[in-house]
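Listing of model_38.cif, mmCIF, C-alpha atoms
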data_input
#
loop_
_atom_site.label_atom_id
_atom_site.label_comp_id
_atom_site.auth_asym_id
_atom_site.auth_seq_id
_atom_site.Cartn_x
_atom_site.Cartn_y
_atom_site.Cartn_z
CA MET P 95 22.64 26.66 -7.56
CA ILE P 96 22.85 23.41 -9.50
CA THR P 97 22.06 23.22 -13.21
CA ARG P 98 20.70 20.15 -14.97
CA GLN P 99 20.45 19.57 -18.73
CA TYR P 100 18.75 16.60 -20.38
CA PHE P 101 18.44 15.58 -24.01
CA GLY P 102 15.00 14.49 -25.08
CA CYS P 103 12.07 14.72 -27.43
CA LYS P 104 9.49 17.49 -27.04
CA ILE P 105 5.99 16.52 -28.12
CA ALA P 106 3.14 18.86 -29.05
CA GLN P 107 0.44 16.20 -29.03
CA ARG P 108 -2.37 18.57 -30.04
CA GLY P 109 -0.19 20.74 -32.26
CA ARG P 110 2.21 23.51 -31.39
CA GLY P 111 0.68 26.38 -29.43
CA THR P 112 -2.70 24.72 -28.79
CA ALA P 113 -2.08 22.78 -25.54
CA VAL P 114 0.58 22.04 -22.94
CA GLU P 115 3.61 20.38 -24.50
CA PHE P 116 5.80 17.76 -22.82
CA ILE P 117 9.30 16.40 -23.18
CA VAL P 118 10.28 12.74 -22.79
CA PHE P 119 13.75 11.77 -21.59
CA VAL P 120 15.56 9.19 -19.47
CA ALA P 121 17.58 9.81 -16.29
CA TYR P 122 18.64 7.95 -13.18
CA ALA P 123 15.92 7.72 -10.53
CA LYS P 124 18.26 8.90 -7.76
CA ASP P 125 19.05 11.97 -9.87
CA VAL P 126 15.42 12.81 -10.66
CA ALA P 127 14.51 12.47 -6.97
CA GLN P 128 16.94 15.29 -6.13
CA TRP P 129 15.10 17.98 -8.07
CA THR P 130 11.47 16.83 -8.16
CA GLY P 131 9.06 17.59 -5.36
CA VAL P 132 5.46 17.07 -4.36
CA ARG P 133 2.70 19.47 -3.45
CA ARG P 134 0.38 17.33 -1.36
CA VAL P 135 -3.32 17.92 -0.78
CA GLY P 136 -3.82 19.25 2.74
CA GLU P 137 -0.28 20.60 2.97
CA HIS P 138 -0.50 23.22 0.22
CA SER P 139 -3.41 25.22 -1.17
CA LYS P 140 -2.61 24.05 -4.69
CA GLY P 141 -1.65 20.49 -3.82
CA THR P 142 -2.44 17.74 -6.33
CA GLN P 143 -0.80 14.68 -4.76
CA ARG P 144 -1.82 12.29 -2.00
CA ILE P 145 0.40 11.62 1.00
CA LEU P 146 3.41 9.41 0.45
CA LYS P 147 2.71 5.89 1.72
CA THR P 148 5.88 4.14 2.79
CA ALA P 149 4.46 0.67 2.22
CA ARG P 150 3.78 1.41 -1.45
CA ALA P 151 7.31 2.68 -2.01
CA LYS P 152 8.66 -0.44 -0.30
CA ALA P 153 6.51 -2.56 -2.61
CA ILE P 154 8.34 -1.02 -5.57
CA GLN P 155 11.67 -1.89 -3.95
CA ARG P 156 10.45 -5.41 -3.40
CA PHE P 157 9.37 -5.67 -7.05
CA PHE P 158 12.89 -4.89 -8.27
CA SER P 159 14.67 -6.86 -5.55
CA SER P 160 12.63 -10.05 -6.02
CA ASP P 161 13.97 -10.78 -9.51
CA SER P 162 16.76 -9.18 -11.55
CA SER P 163 14.57 -9.53 -14.66
CA ASN P 164 11.84 -7.22 -13.33
CA ILE P 165 11.60 -3.81 -14.99
CA ILE P 166 9.11 -0.93 -15.12
CA PRO P 167 9.27 0.49 -18.65
CA GLY P 168 6.51 3.04 -18.10
CA SER P 169 7.27 6.68 -17.37
CA ILE P 170 6.50 8.91 -14.43
CA LEU P 171 4.76 12.23 -15.11
CA ILE P 172 6.21 15.45 -13.73
CA ALA P 173 5.43 19.11 -14.40
CA PHE P 174 7.46 22.28 -14.60
CA ASP P 175 5.70 25.47 -13.60
CA GLU P 176 5.66 28.32 -16.06
CA SER P 177 9.19 29.57 -16.90
CA ALA P 178 10.80 27.00 -14.55
CA ALA P 179 12.68 25.26 -17.39
CA THR P 180 14.00 26.14 -20.82
CA PHE P 181 13.84 23.99 -23.96
CA THR P 182 16.49 24.53 -26.62
CA SER P 183 15.86 22.98 -30.01
CA LEU P 184 18.57 20.85 -31.65
CA GLN P 185 16.29 19.71 -34.44
CA LYS P 186 18.20 21.37 -37.29
CA LYS P 187 21.58 20.08 -36.09
CA MET P 188 20.24 16.55 -35.77
CA GLU P 189 18.63 16.62 -39.19
CA ASP P 190 21.93 17.76 -40.70
CA CYS P 191 23.80 14.96 -38.90
CA ILE P 192 21.25 12.24 -39.67
CA SER P 193 20.05 13.24 -43.13
CA ASP P 194 19.27 9.71 -44.34
CA PHE P 195 16.71 8.91 -41.65
CA ASP P 196 13.46 10.51 -40.50
CA ILE P 197 14.24 11.27 -36.84
CA CYS P 198 10.63 12.36 -36.23
CA ASN P 199 8.98 9.19 -37.53
CA ASN P 200 6.79 11.19 -39.91
CA VAL P 201 5.31 13.42 -37.18
CA GLU P 202 7.69 16.30 -37.69
CA ASP P 203 4.96 18.91 -37.14
CA LYS P 204 4.53 17.73 -33.50
CA VAL P 205 7.98 16.44 -32.51
CA GLU P 206 11.17 18.36 -31.81
CA TRP P 207 14.48 17.08 -30.40
CA GLY P 208 16.48 19.26 -28.04
CA THR P 209 17.64 19.90 -24.49
CA LEU P 210 15.79 20.74 -21.29
CA GLN P 211 17.65 22.97 -18.85
CA PHE P 212 16.85 24.28 -15.37
CA SER P 213 18.54 25.22 -12.10
CA PHE P 214 17.72 24.48 -8.48
CA ASP P 215 18.93 24.89 -4.92
CA GLU P 216 19.44 21.45 -3.36
CA ASP P 217 18.70 22.84 0.13
CA LEU P 218 15.18 23.97 -0.72
CA PRO P 219 12.22 21.93 0.62
CA GLU P 220 10.57 19.63 -1.92
CA TYR P 221 7.53 21.84 -2.46
CA LEU P 222 9.85 24.59 -3.79
CA ARG P 223 11.74 22.45 -6.29
CA PRO P 224 11.64 23.23 -10.04
CA ALA P 225 9.47 20.25 -11.00
CA PHE P 226 6.59 18.46 -9.29
CA ILE P 227 5.46 14.85 -9.51
CA VAL P 228 1.99 14.46 -11.01
CA ASP P 229 1.96 10.68 -11.18
CA GLY P 230 4.49 8.11 -9.96
CA GLN P 231 5.72 9.45 -6.61
CA HIS P 232 5.83 5.96 -5.05
CA ARG P 233 7.54 4.48 -8.12
CA LEU P 234 10.23 7.17 -8.07
CA LYS P 235 10.70 6.98 -4.29
CA GLY P 236 11.01 3.19 -4.36
CA MET P 237 13.50 3.19 -7.23
CA ALA P 238 15.56 6.07 -5.84
CA ASP P 239 15.88 4.40 -2.44
CA LEU P 240 17.06 1.04 -3.78
CA PRO P 241 20.41 0.29 -2.09
CA HIS P 242 23.50 -0.48 -4.16
CA ILE P 243 21.72 0.08 -7.47
CA ASN P 244 20.85 3.12 -9.58
CA LEU P 245 18.12 2.48 -12.13
CA PRO P 246 17.22 4.73 -15.07
CA ILE P 247 13.61 5.85 -15.29
CA MET P 248 11.56 7.25 -18.15
CA VAL P 249 10.28 10.77 -17.49
CA ALA P 250 7.49 12.65 -19.22
CA ALA P 251 7.68 16.31 -18.20
CA LEU P 252 4.91 18.84 -18.82
CA LEU P 253 6.34 22.24 -19.75
CA ASN P 254 4.89 25.53 -18.53
CA ALA P 255 2.06 23.65 -16.79
CA SER P 256 -0.33 25.58 -14.57
CA HIS P 257 -1.50 24.17 -11.24
CA GLU P 258 -4.90 23.56 -12.81
CA GLU P 259 -3.31 21.50 -15.60
CA GLN P 260 -1.34 19.45 -13.07
CA ALA P 261 -4.49 18.75 -11.06
CA PHE P 262 -6.38 17.80 -14.22
CA GLN P 263 -3.71 15.31 -15.27
CA PHE P 264 -3.60 13.76 -11.78
CA VAL P 265 -7.36 13.22 -11.69
CA VAL P 266 -7.49 11.79 -15.22
CA ILE P 267 -4.65 9.33 -14.60
CA ASN P 268 -6.01 8.10 -11.27
CA ASN P 269 -9.61 7.76 -12.44
CA LYS P 270 -8.90 5.97 -15.71
CA SER P 271 -6.70 3.12 -14.47
CA ALA P 272 -8.12 -0.41 -14.54
CA LYS P 273 -6.89 -3.83 -13.55
CA VAL P 274 -6.35 -6.48 -16.19
CA PRO P 275 -9.29 -8.96 -16.14
CA THR P 276 -8.50 -12.47 -14.90
CA ASP P 277 -9.43 -14.02 -18.25
CA ASN P 278 -6.92 -11.74 -19.99
CA VAL P 279 -4.19 -12.85 -17.61
CA LYS P 280 -4.96 -16.51 -18.30
CA ALA P 281 -4.86 -15.91 -22.05
CA ILE P 282 -1.51 -14.12 -21.79
CA ILE P 283 0.18 -16.96 -19.90
CA SER P 284 -1.32 -19.84 -21.88
CA GLN P 285 1.75 -20.23 -24.10
CA ILE P 286 4.48 -19.99 -21.46
CA ASP P 287 5.73 -21.71 -18.28
CA GLU P 288 2.81 -20.91 -16.01
CA ASN P 289 4.40 -22.02 -12.73
CA LYS P 290 7.49 -19.92 -13.35
CA LEU P 291 5.43 -16.85 -14.21
CA ARG P 292 3.13 -17.42 -11.22
CA ASP P 293 6.06 -17.53 -8.81
CA ARG P 294 7.68 -14.46 -10.35
CA LEU P 295 4.46 -12.44 -10.16
CA LEU P 296 3.58 -13.46 -6.61
CA ASN P 297 7.13 -12.87 -5.37
CA ALA P 298 6.99 -9.39 -6.90
CA GLY P 299 3.69 -8.70 -5.12
CA VAL P 300 1.50 -8.90 -8.24
CA ASP P 301 -1.79 -10.84 -8.30
CA TYR P 302 -1.83 -13.99 -10.41
CA GLY P 303 -5.25 -14.82 -11.84
CA ASP P 304 -7.52 -15.70 -8.91
CA MET P 305 -4.58 -15.98 -6.47
CA PRO P 306 -4.05 -12.64 -4.70
CA ALA P 307 -0.41 -11.86 -4.08
CA ILE P 308 -1.33 -10.48 -0.68
CA LEU P 309 -2.25 -13.98 0.53
CA LYS P 310 1.12 -15.30 -0.62
CA ASP P 311 2.72 -12.49 1.39
CA VAL P 312 0.69 -13.28 4.50
CA ASP P 313 1.79 -16.91 4.21
CA SER P 314 5.46 -16.32 3.40
CA GLN P 315 6.75 -13.00 4.76
CA ASP P 316 8.67 -12.98 8.03
CA GLU P 317 6.67 -9.98 9.30
CA SER P 318 3.42 -11.96 9.11
CA PRO P 319 2.24 -13.76 12.27
CA PHE P 320 0.35 -16.14 9.96
CA LYS P 321 3.48 -17.26 8.09
CA GLY P 322 3.11 -20.87 6.97
CA LEU P 323 -0.36 -21.24 8.51
CA LEU P 324 -2.72 -20.74 5.58
CA ASP P 325 -4.89 -23.61 4.46
CA TRP P 326 -3.76 -24.10 0.87
CA PRO P 327 -1.50 -26.43 -1.17
CA LEU P 328 1.63 -24.36 -0.54
CA ASN P 329 1.73 -25.62 3.07
CA PRO P 330 1.91 -29.19 4.45
CA ASP P 331 -1.35 -30.50 5.92
CA PRO P 332 -0.40 -30.20 9.63
CA ASN P 333 0.34 -26.49 9.25
CA ARG P 334 -2.92 -25.52 7.55
CA ARG P 335 -4.60 -23.74 10.45
CA VAL P 336 -6.23 -20.66 8.92
CA LYS P 337 -8.68 -20.52 6.01
CA LEU P 338 -7.88 -18.16 3.16
CA ASN P 339 -11.25 -16.42 3.41
CA THR P 340 -10.50 -15.69 7.08
CA ILE P 341 -7.51 -13.57 6.10
CA GLU P 342 -9.39 -12.01 3.19
CA ALA P 343 -12.25 -11.05 5.52
CA CYS P 344 -9.82 -9.45 7.99
CA LEU P 345 -8.16 -7.42 5.24
CA ASP P 346 -11.51 -6.41 3.73
CA TYR P 347 -12.72 -5.20 7.11
CA ILE P 348 -9.63 -3.05 7.59
CA GLY P 349 -10.22 -1.54 4.15
CA SER P 350 -13.91 -0.88 4.87
CA LYS P 351 -13.30 0.82 8.21
CA LEU P 352 -10.23 2.76 7.09
CA PRO P 353 -11.06 3.99 3.57
CA VAL P 354 -8.02 6.28 3.77
CA PHE P 355 -6.12 3.29 2.36
CA GLU P 356 -8.28 3.35 -0.79
CA ASP P 357 -6.69 0.67 -3.01
CA ASP P 358 -3.44 0.72 -1.06
CA GLU P 359 -2.99 -3.00 -0.48
CA ASP P 360 0.55 -2.60 0.82
CA THR P 361 -0.27 -0.25 3.68
CA LYS P 362 -3.40 -2.22 4.55
CA LYS P 363 -1.28 -5.37 4.73
CA GLU P 364 1.26 -3.62 6.96
CA VAL P 365 -1.51 -2.54 9.34
CA PHE P 366 -2.88 -6.11 9.37
CA TYR P 367 0.56 -7.49 10.23
CA THR P 368 1.04 -4.90 12.98
CA ILE P 369 -2.35 -5.60 14.58
CA TRP P 370 -1.93 -9.35 14.53
CA ARG P 371 1.65 -9.34 15.77
CA ALA P 372 0.36 -7.43 18.79
CA ILE P 373 -2.54 -9.89 19.17
CA ALA P 374 -0.24 -12.91 18.90
CA ASN P 375 2.06 -11.40 21.51
CA HIS P 376 -0.80 -10.54 23.90
CA PHE P 377 -2.36 -14.00 23.60
CA ASN P 378 0.95 -15.82 23.21
CA ILE P 379 -0.22 -18.75 25.35
CA LEU P 380 -3.18 -19.33 23.03
CA TRP P 381 -1.45 -18.69 19.70
CA LEU P 382 -1.48 -21.95 17.71
CA SER P 383 -2.45 -23.94 20.82
CA ASP P 384 -6.11 -23.13 21.47
CA ASP P 385 -8.57 -24.42 18.89
CA LYS P 386 -11.33 -21.98 19.88
CA PHE P 387 -9.04 -18.98 19.63
CA MET P 388 -7.79 -20.01 16.18
CA THR P 389 -11.25 -20.51 14.64
CA LYS P 390 -12.43 -18.35 11.78
CA VAL P 391 -15.16 -16.65 13.81
CA SER P 392 -12.79 -15.84 16.69
CA ILE P 393 -10.13 -14.40 14.39
CA ASN P 394 -12.63 -12.32 12.46
CA ALA P 395 -14.43 -11.09 15.60
CA LEU P 396 -11.18 -10.15 17.32
CA ASN P 397 -9.94 -8.43 14.16
CA GLU P 398 -13.14 -6.39 13.94
CA PHE P 399 -12.99 -5.52 17.65
CA VAL P 400 -9.46 -4.17 17.38
CA VAL P 401 -10.00 -2.42 14.03
CA ASP P 402 -13.13 -0.71 15.39
CA GLY P 403 -11.06 0.62 18.28
CA ILE P 404 -8.27 1.80 16.01
CA THR P 405 -10.78 3.48 13.68
CA TYR P 406 -12.33 5.34 16.61
CA ALA P 407 -8.87 6.43 17.78
CA TRP P 408 -7.88 7.48 14.26
CA MET P 409 -11.01 9.63 13.88
CA GLY P 410 -10.13 11.24 17.20
CA ASN P 411 -6.59 11.94 15.99
CA ILE P 412 -5.20 9.62 18.70
CA VAL P 413 -3.49 7.14 16.38
CA ASP P 414 -1.67 7.53 13.05
CA VAL P 415 -2.75 4.56 10.92
CA PHE P 416 0.26 5.06 8.65
CA ASP P 417 2.69 4.62 11.56
CA ALA P 418 3.26 1.00 12.63
CA ASP P 419 4.43 1.92 16.14
CA SER P 420 1.30 3.99 16.71
CA VAL P 421 -0.98 1.19 15.49
CA GLU P 422 0.84 -1.38 17.64
CA ALA P 423 0.58 0.76 20.77
CA GLN P 424 -3.13 1.33 20.22
CA THR P 425 -3.73 -2.39 19.66
CA ARG P 426 -1.95 -3.24 22.92
CA ASN P 427 -4.09 -0.67 24.72
CA ILE P 428 -7.31 -2.10 23.26
CA LEU P 429 -6.37 -5.65 24.34
CA ARG P 430 -4.89 -4.72 27.72
CA MET P 431 -8.01 -5.63 29.68
CA VAL P 432 -8.91 -8.81 27.77
CA PRO P 433 -7.70 -12.00 29.56
CA ASP P 434 -6.73 -15.34 28.03
CA GLU P 435 -9.61 -16.86 29.98
CA PHE P 436 -12.08 -15.20 27.65
CA TRP P 437 -11.18 -17.89 25.11
CA THR P 438 -10.34 -20.82 27.39
CA ARG P 439 -13.50 -20.83 29.52
CA LYS P 440 -16.52 -22.76 28.37
CA TRP P 441 -18.88 -20.87 26.12
CA SER P 442 -22.63 -21.31 26.07
CA GLU P 443 -23.87 -24.36 24.17
CA SER P 444 -26.27 -22.08 22.31
CA VAL P 445 -23.30 -20.45 20.60
CA ARG P 446 -22.07 -22.49 17.70
CA ILE P 447 -18.53 -21.79 16.64
CA GLN P 448 -19.37 -20.70 13.15
CA ASP P 449 -18.57 -17.50 11.32
CA ASN P 450 -21.62 -15.31 10.82
CA SER P 451 -22.47 -11.74 11.65
CA VAL P 452 -24.60 -12.68 14.69
CA ILE P 453 -21.88 -14.72 16.42
CA ARG P 454 -19.16 -12.21 15.49
CA GLY P 455 -21.32 -9.43 16.91
CA LEU P 456 -21.87 -11.36 20.14
CA ILE P 457 -18.14 -12.03 20.61
CA LYS P 458 -17.32 -8.38 19.91
CA ASP P 459 -19.94 -7.23 22.42
CA GLU P 460 -18.55 -9.62 25.02
CA LEU P 461 -15.00 -8.41 24.41
CA GLY P 462 -16.20 -4.86 24.96
CA MET P 463 -18.08 -5.86 28.12
CA VAL P 464 -15.07 -7.67 29.60
CA SER P 465 -12.85 -4.67 28.90
CA GLN P 466 -15.36 -2.31 30.46
CA ASN P 467 -15.77 -4.46 33.59
CA ALA P 468 -12.00 -4.56 34.04
CA ARG P 469 -11.58 -0.81 33.52
CA MET P 470 -14.32 -0.17 36.07
CA GLY P 471 -12.48 -2.33 38.59
CA ARG P 472 -15.17 -4.98 38.94
CA LYS P 473 -13.99 -8.16 40.65
CA ASN P 474 -15.66 -10.40 38.06
CA ALA P 475 -14.56 -9.51 34.55
CA PHE P 476 -17.27 -11.74 33.08
CA GLU P 477 -20.21 -10.33 35.00
CA LYS P 478 -23.49 -10.52 33.05
CA SER P 479 -21.82 -12.44 30.23
CA ARG P 480 -24.10 -14.02 27.65
CA LEU P 481 -21.23 -16.05 26.26
CA ILE P 482 -19.23 -17.41 29.22
CA VAL P 483 -20.82 -20.29 31.14
CA ASP P 484 -20.86 -19.82 34.95
CA GLY P 485 -19.39 -16.35 34.62
CA ASP P 486 -20.29 -15.51 38.25
CA GLU P 487 -17.85 -18.15 39.49
CA VAL P 488 -14.81 -16.63 37.83
CA ALA P 489 -12.16 -15.77 40.39
CA GLU P 490 -10.54 -12.38 40.84
CA GLY P 491 -7.31 -11.47 39.14
CA LEU P 492 -8.09 -12.81 35.66
CA VAL P 493 -7.53 -9.52 33.96
CA LYS P 494 -4.01 -8.80 32.74
CA ALA P 495 -2.43 -5.66 34.10
#
Show how you would write the structure in this file as structure tokens.
Amino acid sequence: MITRQYFGCKIAQRGRGTAVEFIVFVAYAKDVAQWTGVRRVGEHSKGTQRILKTARAKAIQRFFSSDSSNIIPGSILIAFDESAATFTSLQKKMEDCISDFDICNNVEDKVEWGTLQFSFDEDLPEYLRPAFIVDGQHRLKGMADLPHINLPIMVAALLNASHEEQAFQFVVINNKSAKVPTDNVKAIISQIDENKLRDRLLNAGVDYGDMPAILKDVDSQDESPFKGLLDWPLNPDPNRRVKLNTIEACLDYIGSKLPVFEDDEDTKKEVFYTIWRAIANHFNILWLSDDKFMTKVSINALNEFVVDGITYAWMGNIVDVFDADSVEAQTRNILRMVPDEFWTRKWSESVRIQDNSVIRGLIKDELGMVSQNARMGRKNAFEKSRLIVDGDEVAEGLVKA
């Protein structure tokens, strides 16, 4: 057994004996990660946490790695079950040592300095550890996994907290959060170097005013197949191939079809990258070279076609949307029967290459028809096409194996 002892301040916010009390202290993130665990909903009958999303933990690592000035001063919230930890008061000793200063800041009836002590077996699974994370599991995971650096983290620990109290705190915290309004952001930065702050925020993955950080990532990260291709001032004119609202529409569609991501921008972005890397690889001859393929309506229609297939597979427990390899494999399978010629052949003059729901729906239907024809072994993959001109004259062997 390993014993830990921390010095901190115990707070009885509603008065002693009337509600759960908590202690606030500081410790290294790597240390805290050793003895805190998570009871996740779906894994345990009394679970209060959501599943750990790797992309969100990586976003925390990125935040710290992008600039040595970046800090997170806020605390994580953990909870000790009843009798799992012991608080020993040092209030009298401290008052005797520091007699000329009010160490309780005039709230002596609710504050008490002392030590928190508990023991644990480092070999136990995380759901049997002495303390459980109520809020901040991704923050702690990201900070604890930072290589070559050990950062201290503020901890607020509920003492003798029932499972019901832990669940209550989780729901309250996650239902009361709100983003800072754009006007507030503009007011905050009005007196400082705006360009410097903008770059620092975007590099850390934080939205700046009306400029979503996710678009900066899509345009700058090596994992993105759209790196350097967005149509905005950050890129030279010849490279501006893809409209910003095209990418936003693709990301929004992923979020609408896979609500499991909730507000998880990082995982949604990772899925977007994975899908489009597979698309770029499958249609490598067309990537950046075919104007029709690179239009807004084609990108959005193809994105919707693939995401619909992944959603169907996810609902059937065929694909794990939180696993990049699984998403990539499913994307390749969806595209396997779609040939390059779908985009290079002449389309009907009645179809204008503009992005609206009717045209997107037609392209998606045609993609489904081509795939079905190929899977059924029909010689003409474009049979009965409403989109491809002279579809009956297409030769055999167009479909990729």
Subject >> Atomic distance CA of Lys310 in chain P - CA of Cys344 in chain P, expressed in Å with one decimal >> reply: 15.1 Å
Any chance you could resolve the PyMOL selection byres ((chain P and resi 335) around 7) against this file and give the residues as an mmCIF file with C-alpha atoms, in the frame of the given file?
data_model
loop_
_atom_site.group_PDB
_atom_site.id
_atom_site.type_symbol
_atom_site.label_atom_id
_atom_site.label_comp_id
_atom_site.auth_asym_id
_atom_site.auth_seq_id
_atom_site.Cartn_x
_atom_site.Cartn_y
_atom_site.Cartn_z
ATOM 1 C CA LEU P 323 -0.360 -21.240 8.510
ATOM 2 C CA LEU P 324 -2.720 -20.740 5.580
ATOM 3 C CA ASP P 325 -4.890 -23.610 4.460
ATOM 4 C CA ASN P 333 0.340 -26.490 9.250
ATOM 5 C CA ARG P 334 -2.920 -25.520 7.550
ATOM 6 C CA VAL P 336 -6.230 -20.660 8.920
ATOM 7 C CA LYS P 337 -8.680 -20.520 6.010
#
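Running the PyMOL selection byres ((chain P and resi 181) around 8) on this file leaves Ala179, Thr180, Thr182, Ser183, Gly208, Thr209, Leu210 and Gln211 of chain P selected.
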**OP:** Excluding Gln128 in chain P and any residue of its chain fewer than 3 positions from it, enumerate the residues within 9 Å of it, using all atoms listed in the file, and give them as a ChimeraX atom specification.
**Re:** /P:123-125,131,216,220,223
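Ranking P:His257, P:Arg108, P:Ile243, P:Ile341 by their shortest atom-to-atom distance to Thr389 in chain P, with all atoms listed in the file included, puts P:Ile341 first.
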Original post:
Could you pull the residues within 10 Å of Asp175 in chain P, counting only C-alpha atoms, minus those fewer than 4 positions along the same chain, as a count of residues only?
Top reply: 12
Original post:
Can you list, as a PyMOL selection string, every protein, DNA or RNA residue that comes within 9 Å of Asp311 in chain P when you count all atoms listed in the file, leaving out same-chain residues fewer than 6 positions away?
Top reply: chain P and resi 296-297+299+318+321+363
